[in-house]
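Beneath this line is the structure, given in structure tokens, with notes to follow.
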2 protein chains.
Amino acid sequence: MTNSSGQTRNPVYLGLDIGGSFVKYGVVNSDGTVLFSSRTPTLLDGGPQRLIDTLHRVILEMAEHSVSRGFRPQAIGIGSPGTINPCSGKITGESPNLPGWVNVELRTPFAEFGLPIAVDNDANCSAYAEYTYGAASGSRHALVLTLGTGIGSGIIIDGRLFHGAHYTGAELGHISINSRGPSCGCGNRGCLELYASAGAILRRAARLADFYPHSALAHIDFSAREDSSLAGVFSAARDGDPAAVELLETVADDLAVGLASIINAFDPEVLVVGGGAADAAPEFIADVFRRTKRLTFKNSAPKTKLVPAKLGNRAGFIGAAALGRNATEHP
Amino acid sequence: MTNSSGQTRNPVYLGLDIGGSFVKYGVVNSDGTVLFSSRTPTLLDGGPQRLIDTLHRVILEMAEHSVSRGFRPQAIGIGSPGTINPCSGKITGESPNLPGWVNVELRTPFAEFGLPIAVDNDANCSAYAEYTYGAASGSRHALVLTLGTGIGSGIIIDGRLFHGAHYTGAELGHISINSRGPSCGCGNRGCLELYASAGAILRRAARLADFYPHSALAHIDFSAREDSSLAGVFSAARDGDPAAVELLETVADDLAVGLASIINAFDPEVLVVGGGAADAAPEFIADVFRRTKRLTFKNSAPKTKLVPAKLGNRAGFIGAAALGRNATEHP
């Protein structure tokens with residue numbers, strides 16, 4: 001369906017975000033509006049083909065949904081954990097969140113759809129969404145940190161995602177803030193994500209709960225879902241529980257030192273912080289930003305904008321769709 | 001003097017590196033060979049014009065030297081401490097190493113020479129020299145750290161110097177490795193350069209010398225020139241002095257954690273380490289590199305090459321000349 005100027009009417013982009021538990025997906029138009037979204041469990045038993053089949057089914061579902069409503073799918077975007085080569089579309093390095101999902105080609109299995117397919121790391125997709133439609137839109141140099149189980153990050157330099165020389169760049173959760181700290185799974189010591197991810201907040205809170213049975217932290221079910229236990233920690237702090245308040249001050253301080261280091265290294269126009277920990281407690285992120293400003297260069301501090309993320313946990317598939325859209329413009 | 005194909009014969013580039021104590025300068029040809037070099041004191045008493053006059057005299061000296069030997073100066077490159085806007089050629093932020101040298105225009109005062117003039121931060125110039133002619137030549141993504149009084153750094157991404165959104169990017173010495181550490185002049189806490197610069201090694205050695213009067217460190221004159229006292233520390237360690245050995249192991253470990261963080265953040269093709277501390281003790285840098293490899297991602301560790309700098313303290317003006325050369329090709 002093409003108009004007289006050769007442009008397709010009602011173009012839409014199909015975005016997929018492969019997570020450790022669910023594949024989130026949605027149909028996104030050129031403005032970043034989500035027209036349809038859903039999710040399905042990430043099943044990998046039996047090997048990668050099982051997940052490829054899921055992705056195939058999901059793409060078909062989105063394509064049919066779009067066409068039946070008069071929209072024209074123009075491209076597919078897929079975000080995945082792990083090290084991704086966005087040129088070849090291959091997963092070259094495994095993520096601890098999705099064991100066995102490696103050496104997988106993410107473009108050829110979906111060639112039959114006849115659409116351009118963009119593939120990138122999931123944290124990069126989220127960052128690209130905030131850059132294109134969210135908290136960093138209008139900037140050219142943006143950095144997005146996502147405080148989840150770990151700390152995800154994506155970097156946009158001069159309007160383009162930064163991948164590093166071997167596509168493993170922008171692992172900002174693995175900047176150390178304590179050279180004498182505990183070993184991290186990545187090999188380094190005292191990594192930021194050991195202190196300031198949502199996962200770290202919960203581990204630290206659970207430890208305090210053991211020590212202080214009278215603290216409100218002791219009533220939290222740490223075996224529940226991450227966002228539910230996290231809400232418990234922030235709620236305890238809001239109620240003035242001393243252990244919870246102390247914990248979040250320490251975490252805010254650790255995170256602020258990490259953000260200051262990142263600002264010193266990258267000098268971004270905008271630094272966006274999102275993820276479970278940010279969504280659950282805007283006042284916590286505001287506190288982190290105040291501390292960060294006190295720690296940064298006089299030169300750059302007033303210039304780098306510090307802002308909370310806007311797109312929540314839909315950023316992954318929205319960014320994947322935006323990268324798909326790019327692929328149609330710069331094939 | 002132009003040949004039939006329109007190319008100038010014997011082209012050379014005039015490079016200047018403004019330091020806290022000396023302006024180093026030299027005439028460099030297209031291969032990076034230094035045809036002439038010298039230095040003159042950096043004098044700022046009476047204000048910036050005094051130093052502008054020095055630079056003017058030095059450029060004239062290099063131009064006359066070149067022309068008298070049949071070379072044709074094609075461009076001027078100037079490296080300076082501080083925050084530099086390479087587009088406008090203006091120093092927008094002061095460096096602690098050169099107080100008063102700010103809000104200075106570095107292109108207009110030399111317009112009379114009729115040559116393209118490139119201006120950049122001194123650490124960026126050194127990095128660009130190693131990238132173009134030195135330890136990182138042949139790569140596209142390189143990172144250069146210089147261990148001097150502080151830690152200077154420059155980043156090349158996809159063949160271009162990375163400046164950040166406000167020209168304050170790549171301050172890798174101000175990544176914190178200790179969130180509970182001492183305050184740094186930059187505002188952050190526990191910055192890498194407080195632990196692992198040449199200046200930090202000397203401060204730490206002087207403290208140990210006070211505690212251990214029988215250590216060889218106690219015989220070092222810490223009021224002497226930085227490179228001479230530094231040589232004393234490394235020499236004490238080579239002779240097996242326990243305090244010196246212990247100190248350098250701790251510094252090597254701190255530096256390795258910092259380098260691992262930097263590799264995780266930037267995923268460079270090559271990471272170059274130079275400066276006084278590196279030049280004085282290749283065995284120290286080799287030890288730092290071994291430790292860094294043990295701390296980095298399994299994915300990227302074997303891929304990022306770790307190499308000592310090649311161009312020594314002439315890197316600054318060589319890189320400035322190389323940026324001048326660029327300016328003739330992409331005016």
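Every chain in the structure tokens has a letter given in the order shown (A, B, ...), and although residue numbers restart at 1 in each chain, ligands are simply numbered from 1 in the order shown.
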
Handout entry: Those of segment 151-221 of chain B in DSSP alpha helix (DSSP H), formatted as an MDAnalysis selection string
Key = chainID B and resid 193:196 198:211

Selection from above, C-alpha atoms, as a compact mmCIF listing (two decimals), in the first residue's frame, can you write it?
# COMPACT_ATOMS: atom_id res chain seq x y z
CA GLU B 193 44.62 8.61 39.51
CA LEU B 194 44.77 8.92 43.33
CA TYR B 195 46.05 5.32 43.40
CA ALA B 196 47.91 4.57 40.20
CA ALA B 198 53.14 8.35 38.79
CA GLY B 199 52.24 11.09 41.26
CA ALA B 200 50.27 8.62 43.39
CA ILE B 201 53.12 6.09 43.37
CA LEU B 202 55.46 8.80 44.69
CA ARG B 203 53.01 9.95 47.38
CA ARG B 204 52.48 6.38 48.52
CA ALA B 205 56.24 5.68 48.45
CA ALA B 206 57.02 8.81 50.47
CA ARG B 207 54.48 7.74 53.11
CA LEU B 208 56.05 4.26 53.31
CA ALA B 209 59.51 5.83 53.57
CA ASP B 210 58.37 7.65 56.72
CA PHE B 211 57.10 4.42 58.23

Handout entry: Contact residues around segment 300-316 of chain A with only C-alpha atoms at 8 Å, ignoring same-chain residues under 5 positions, as a PyMOL selection string
Key = (chain A and resi 16-17+24+79+122-123+125-127+129-130+134-135+263+267-275+278-279+282+285+289+293) or (chain B and resi 166+168)

Handout entry: Contacts of Tyr131 of chain A within 8 Å, only C-alpha atoms, excl. fewer than 5 positions in-chain, as number ranges by chain
Key = A: 136-139, 142, 156

Chain A near chain B within 7 Å: what's each residue's closest atom pair and its distance in Å to one decimal, counting only C-alpha atoms, ordered by chain then ascending residue number, as JSON lines?
{"residue": "A:Gly93", "atom": "CA", "partner": "B:Asn299", "partner_atom": "CA", "distance": 6.9}
{"residue": "A:His141", "atom": "CA", "partner": "B:Ala165", "partner_atom": "CA", "distance": 6.2}
{"residue": "A:Gly164", "atom": "CA", "partner": "B:Asp267", "partner_atom": "CA", "distance": 4.8}
{"residue": "A:Ala165", "atom": "CA", "partner": "B:Glu269", "partner_atom": "CA", "distance": 5.4}
{"residue": "A:His166", "atom": "CA", "partner": "B:Asp267", "partner_atom": "CA", "distance": 6.6}
{"residue": "A:Thr168", "atom": "CA", "partner": "B:Asp267", "partner_atom": "CA", "distance": 5.9}
{"residue": "A:Gly169", "atom": "CA", "partner": "B:Asp267", "partner_atom": "CA", "distance": 4.6}
{"residue": "A:Ala170", "atom": "CA", "partner": "B:Ala265", "partner_atom": "CA", "distance": 4.5}
{"residue": "A:Glu171", "atom": "CA", "partner": "B:Ala265", "partner_atom": "CA", "distance": 5.1}
{"residue": "A:Leu172", "atom": "CA", "partner": "B:Ala265", "partner_atom": "CA", "distance": 5.3}
{"residue": "A:His174", "atom": "CA", "partner": "B:Asn264", "partner_atom": "CA", "distance": 6.2}
{"residue": "A:Ile175", "atom": "CA", "partner": "B:Ser261", "partner_atom": "CA", "distance": 4.3}
{"residue": "A:Ser176", "atom": "CA", "partner": "B:Ser261", "partner_atom": "CA", "distance": 5.9}
{"residue": "A:Ile177", "atom": "CA", "partner": "B:Ile177", "partner_atom": "CA", "distance": 4.6}
{"residue": "A:Asn178", "atom": "CA", "partner": "B:Asn178", "partner_atom": "CA", "distance": 4.5}
{"residue": "A:Ser179", "atom": "CA", "partner": "B:Ile177", "partner_atom": "CA", "distance": 5.5}
{"residue": "A:Cys186", "atom": "CA", "partner": "B:Phe297", "partner_atom": "CA", "distance": 5.2}
{"residue": "A:Gly187", "atom": "CA", "partner": "B:Leu295", "partner_atom": "CA", "distance": 4.6}
{"residue": "A:Asn188", "atom": "CA", "partner": "B:Leu295", "partner_atom": "CA", "distance": 4.4}
{"residue": "A:Asp254", "atom": "CA", "partner": "B:Ser179", "partner_atom": "CA", "distance": 6.1}
{"residue": "A:Val257", "atom": "CA", "partner": "B:Ser179", "partner_atom": "CA", "distance": 5.9}
{"residue": "A:Ala260", "atom": "CA", "partner": "B:Asn188", "partner_atom": "CA", "distance": 6.7}
{"residue": "A:Ser261", "atom": "CA", "partner": "B:Ile175", "partner_atom": "CA", "distance": 4.3}
{"residue": "A:Asn264", "atom": "CA", "partner": "B:Glu171", "partner_atom": "CA", "distance": 5.3}
{"residue": "A:Ala265", "atom": "CA", "partner": "B:Ala170", "partner_atom": "CA", "distance": 4.5}
{"residue": "A:Phe266", "atom": "CA", "partner": "B:Gly169", "partner_atom": "CA", "distance": 5.0}
{"residue": "A:Asp267", "atom": "CA", "partner": "B:Gly169", "partner_atom": "CA", "distance": 4.6}
{"residue": "A:Pro268", "atom": "CA", "partner": "B:Ala165", "partner_atom": "CA", "distance": 5.4}
{"residue": "A:Glu269", "atom": "CA", "partner": "B:Ala165", "partner_atom": "CA", "distance": 5.4}
{"residue": "A:Arg294", "atom": "CA", "partner": "B:Gly187", "partner_atom": "CA", "distance": 6.9}
{"residue": "A:Leu295", "atom": "CA", "partner": "B:Asn188", "partner_atom": "CA", "distance": 4.4}
{"residue": "A:Thr296", "atom": "CA", "partner": "B:Gly187", "partner_atom": "CA", "distance": 5.5}
{"residue": "A:Phe297", "atom": "CA", "partner": "B:Cys186", "partner_atom": "CA", "distance": 5.2}
{"residue": "A:Asn299", "atom": "CA", "partner": "B:Gly93", "partner_atom": "CA", "distance": 6.9}
{"residue": "A:Ser300", "atom": "CA", "partner": "B:Thr168", "partner_atom": "CA", "distance": 6.8}

Just write the chosen residues, N, CA and C atoms, as a CSV table (one decimal), in the first residue's frame.
chain,number,residue,atom,x,y,z
A,93,GLY,N,28.2,-14.4,22.0
A,93,GLY,CA,28.6,-14.7,23.4
A,93,GLY,C,27.4,-14.9,24.3
A,141,HIS,N,24.1,12.4,22.3
A,141,HIS,CA,25.1,11.5,23.1
A,141,HIS,C,24.3,11.1,24.4
A,164,GLY,N,31.5,-1.1,20.7
A,164,GLY,CA,32.9,-1.5,21.0
A,164,GLY,C,33.5,-2.3,19.9
A,165,ALA,N,34.8,-2.7,20.0
A,165,ALA,CA,35.5,-3.3,18.9
A,165,ALA,C,35.0,-4.8,18.8
A,166,HIS,N,34.5,-5.4,19.9
A,166,HIS,CA,34.1,-6.8,19.8
A,166,HIS,C,32.7,-7.0,20.2
A,168,THR,N,31.2,-6.1,22.7
A,168,THR,CA,31.0,-6.3,24.2
A,168,THR,C,31.1,-5.0,24.9
A,169,GLY,N,31.0,-3.8,24.2
A,169,GLY,CA,31.1,-2.5,24.9
A,169,GLY,C,30.0,-2.2,25.7
A,170,ALA,N,30.2,-1.1,26.5
A,170,ALA,CA,29.1,-0.6,27.3
A,170,ALA,C,28.6,-1.5,28.4
A,171,GLU,N,29.5,-2.3,29.0
A,171,GLU,CA,29.1,-3.1,30.2
A,171,GLU,C,29.4,-2.3,31.4
A,172,LEU,N,28.6,-1.2,31.6
A,172,LEU,CA,28.9,-0.2,32.6
A,172,LEU,C,28.6,-0.8,34.0
A,174,HIS,N,29.9,-3.3,35.0
A,174,HIS,CA,31.1,-4.0,35.4
A,174,HIS,C,32.3,-3.1,35.5
A,175,ILE,N,32.0,-1.8,35.7
A,175,ILE,CA,33.0,-0.9,36.2
A,175,ILE,C,33.1,-1.1,37.7
A,176,SER,N,34.3,-1.3,38.2
A,176,SER,CA,34.5,-1.5,39.7
A,176,SER,C,34.4,-0.3,40.5
A,177,ILE,N,33.7,-0.3,41.6
A,177,ILE,CA,33.7,0.8,42.5
A,177,ILE,C,34.5,0.5,43.8
A,178,ASN,N,35.1,-0.7,43.8
A,178,ASN,CA,35.8,-1.2,45.0
A,178,ASN,C,36.9,-2.2,44.6
A,179,SER,N,38.1,-1.7,44.4
A,179,SER,CA,39.2,-2.6,43.9
A,179,SER,C,39.5,-3.7,44.9
A,186,CYS,N,32.0,-11.7,36.2
A,186,CYS,CA,32.6,-11.2,35.0
A,186,CYS,C,34.1,-11.4,35.1
A,187,GLY,N,34.7,-11.6,36.3
A,187,GLY,CA,36.1,-11.7,36.5
A,187,GLY,C,36.7,-10.5,37.2
A,188,ASN,N,36.1,-9.3,37.1
A,188,ASN,CA,36.6,-8.1,37.8
A,188,ASN,C,36.1,-8.2,39.3
A,254,ASP,N,26.8,4.6,46.6
A,254,ASP,CA,27.6,3.7,45.7
A,254,ASP,C,27.3,4.0,44.2
A,257,VAL,N,28.6,7.3,42.9
A,257,VAL,CA,30.0,7.3,42.6
A,257,VAL,C,30.2,6.6,41.2
A,260,ALA,N,29.1,9.1,38.5
A,260,ALA,CA,30.1,10.1,38.4
A,260,ALA,C,31.2,9.6,37.5
A,261,SER,N,31.7,8.4,37.8
A,261,SER,CA,32.8,7.8,37.0
A,261,SER,C,32.4,7.7,35.5
A,264,ASN,N,32.4,11.0,33.9
A,264,ASN,CA,33.8,11.5,33.7
A,264,ASN,C,34.3,10.8,32.4
A,265,ALA,N,34.0,9.5,32.3
A,265,ALA,CA,34.5,8.7,31.1
A,265,ALA,C,33.9,9.1,29.8
A,266,PHE,N,32.5,9.3,29.8
A,266,PHE,CA,31.8,9.4,28.6
A,266,PHE,C,31.3,10.8,28.3
A,267,ASP,N,31.2,11.7,29.3
A,267,ASP,CA,30.7,13.0,29.1
A,267,ASP,C,29.4,13.1,28.2
A,268,PRO,N,28.4,12.3,28.6
A,268,PRO,CA,27.2,12.3,27.8
A,268,PRO,C,26.4,13.6,27.9
A,269,GLU,N,25.5,13.8,26.9
A,269,GLU,CA,24.6,14.9,27.0
A,269,GLU,C,23.5,14.6,28.0
A,294,ARG,N,26.9,16.3,43.0
A,294,ARG,CA,27.9,16.8,43.9
A,294,ARG,C,29.3,16.1,43.6
A,295,LEU,N,29.3,15.0,42.9
A,295,LEU,CA,30.5,14.3,42.7
A,295,LEU,C,31.2,14.5,41.4
A,296,THR,N,30.5,15.2,40.5
A,296,THR,CA,31.0,15.3,39.1
A,296,THR,C,31.8,16.6,38.9
A,297,PHE,N,32.6,16.5,37.9
A,297,PHE,CA,33.4,17.7,37.4
A,297,PHE,C,32.6,19.0,37.4
A,299,ASN,N,33.0,21.3,35.5
A,299,ASN,CA,32.8,21.5,34.0
A,299,ASN,C,31.6,20.9,33.5
A,300,SER,N,31.4,19.6,33.8
A,300,SER,CA,30.4,18.8,33.0
A,300,SER,C,29.2,18.6,33.9

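Checking B:Asp287, B:Ile220, B:Pro213, B:Ala277 one by one against Thr250 of chain B, counting only C-alpha atoms, you find the shortest gap at B:Asp287.
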
Completion exercise
What separates atom CA of Arg290 of chain B and atom CA of Leu145 of chain B is a distance of 16.7 Å

Exercise for the section: Quick one: pick out all strand (DSSP E or B) residues within segment 43-158 of chain B from a backbone DSSP run and write them as a VMD selection string. Expected result: chain B and resid 72 to 80 83 to 85 90 to 93 104 to 105 117 to 121 142 to 147 151 to 157

Go ahead and write the selection's residues with N, CA and C atoms as a short mmCIF file (atom, residue, chain, number, x, y, z; two decimals), in the first residue's frame.
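Once everything was written out, this is result14.cif:
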data_model
loop_
_atom_site.label_atom_id
_atom_site.label_comp_id
_atom_site.auth_asym_id
_atom_site.auth_seq_id
_atom_site.Cartn_x
_atom_site.Cartn_y
_atom_site.Cartn_z
N ARG B 72 57.94 21.86 3.27
CA ARG B 72 56.82 22.80 3.14
C ARG B 72 55.82 22.58 4.27
N PRO B 73 55.77 23.46 5.25
CA PRO B 73 54.76 23.30 6.32
C PRO B 73 53.35 23.36 5.75
N GLN B 74 52.53 22.37 6.12
CA GLN B 74 51.17 22.26 5.59
C GLN B 74 50.11 22.60 6.63
N ALA B 75 50.47 22.44 7.90
CA ALA B 75 49.47 22.65 8.95
C ALA B 75 50.17 22.76 10.30
N ILE B 76 49.42 23.33 11.25
CA ILE B 76 49.90 23.46 12.62
C ILE B 76 48.95 22.66 13.52
N GLY B 77 49.51 21.98 14.50
CA GLY B 77 48.68 21.30 15.50
C GLY B 77 49.12 21.71 16.89
N ILE B 78 48.15 22.02 17.75
CA ILE B 78 48.48 22.48 19.10
C ILE B 78 47.73 21.63 20.12
N GLY B 79 48.47 21.01 21.04
CA GLY B 79 47.87 20.29 22.15
C GLY B 79 48.01 21.12 23.41
N SER B 80 46.95 21.19 24.20
CA SER B 80 46.97 22.03 25.40
C SER B 80 46.25 21.33 26.54
N THR B 83 40.02 21.88 28.95
CA THR B 83 38.91 21.48 28.09
C THR B 83 38.98 22.31 26.82
N ILE B 84 39.08 21.62 25.69
CA ILE B 84 39.27 22.32 24.42
C ILE B 84 38.10 22.01 23.51
N ASN B 85 37.56 23.00 22.86
CA ASN B 85 36.59 22.78 21.80
C ASN B 85 37.37 22.73 20.49
N LYS B 90 38.97 26.89 20.93
CA LYS B 90 39.01 27.67 22.17
C LYS B 90 39.18 26.78 23.40
N ILE B 91 39.94 27.27 24.39
CA ILE B 91 40.06 26.58 25.67
C ILE B 91 38.91 27.03 26.55
N THR B 92 37.99 26.10 26.83
CA THR B 92 36.78 26.49 27.55
C THR B 92 36.84 26.11 29.03
N GLY B 93 37.79 25.24 29.40
CA GLY B 93 37.88 24.84 30.81
C GLY B 93 39.34 24.78 31.23
N VAL B 104 40.92 31.09 26.09
CA VAL B 104 41.94 31.53 25.13
C VAL B 104 41.59 30.96 23.77
N GLU B 105 41.67 31.77 22.75
CA GLU B 105 41.47 31.34 21.36
C GLU B 105 42.81 30.89 20.83
N ILE B 117 44.88 25.01 11.25
CA ILE B 117 45.35 24.82 12.63
C ILE B 117 44.40 23.90 13.38
N ALA B 118 44.94 22.76 13.84
CA ALA B 118 44.14 21.85 14.67
C ALA B 118 44.49 22.09 16.13
N VAL B 119 43.48 22.08 16.98
CA VAL B 119 43.70 22.28 18.42
C VAL B 119 42.97 21.18 19.16
N ASP B 120 43.63 20.59 20.14
CA ASP B 120 42.94 19.57 20.94
C ASP B 120 43.59 19.46 22.31
N ASN B 121 42.94 18.74 23.19
CA ASN B 121 43.47 18.46 24.51
C ASN B 121 44.79 17.68 24.41
N ALA B 142 40.88 2.57 19.81
CA ALA B 142 42.03 2.51 20.70
C ALA B 142 41.84 3.43 21.90
N LEU B 143 42.48 3.05 22.96
CA LEU B 143 42.37 3.80 24.20
C LEU B 143 43.78 3.95 24.74
N VAL B 144 44.16 5.18 25.07
CA VAL B 144 45.53 5.42 25.53
C VAL B 144 45.51 6.09 26.90
N LEU B 145 46.16 5.46 27.87
CA LEU B 145 46.29 6.04 29.21
C LEU B 145 47.73 6.46 29.43
N THR B 146 47.91 7.63 30.01
CA THR B 146 49.25 8.13 30.28
C THR B 146 49.40 8.33 31.78
N LEU B 147 50.30 7.54 32.39
CA LEU B 147 50.51 7.62 33.83
C LEU B 147 51.57 8.66 34.14
N ILE B 151 46.51 11.00 35.59
CA ILE B 151 46.36 10.01 34.53
C ILE B 151 45.63 10.68 33.38
N GLY B 152 46.32 10.83 32.26
CA GLY B 152 45.70 11.39 31.07
C GLY B 152 45.12 10.27 30.24
N SER B 153 44.14 10.59 29.39
CA SER B 153 43.59 9.54 28.55
C SER B 153 42.98 10.11 27.29
N GLY B 154 43.00 9.31 26.25
CA GLY B 154 42.38 9.67 24.99
C GLY B 154 41.75 8.43 24.40
N ILE B 155 40.65 8.63 23.70
CA ILE B 155 39.88 7.50 23.16
C ILE B 155 39.67 7.72 21.67
N ILE B 156 39.98 6.70 20.89
CA ILE B 156 39.69 6.77 19.46
C ILE B 156 38.62 5.72 19.16
N ILE B 157 37.50 6.19 18.63
CA ILE B 157 36.40 5.29 18.28
C ILE B 157 36.20 5.38 16.78
#
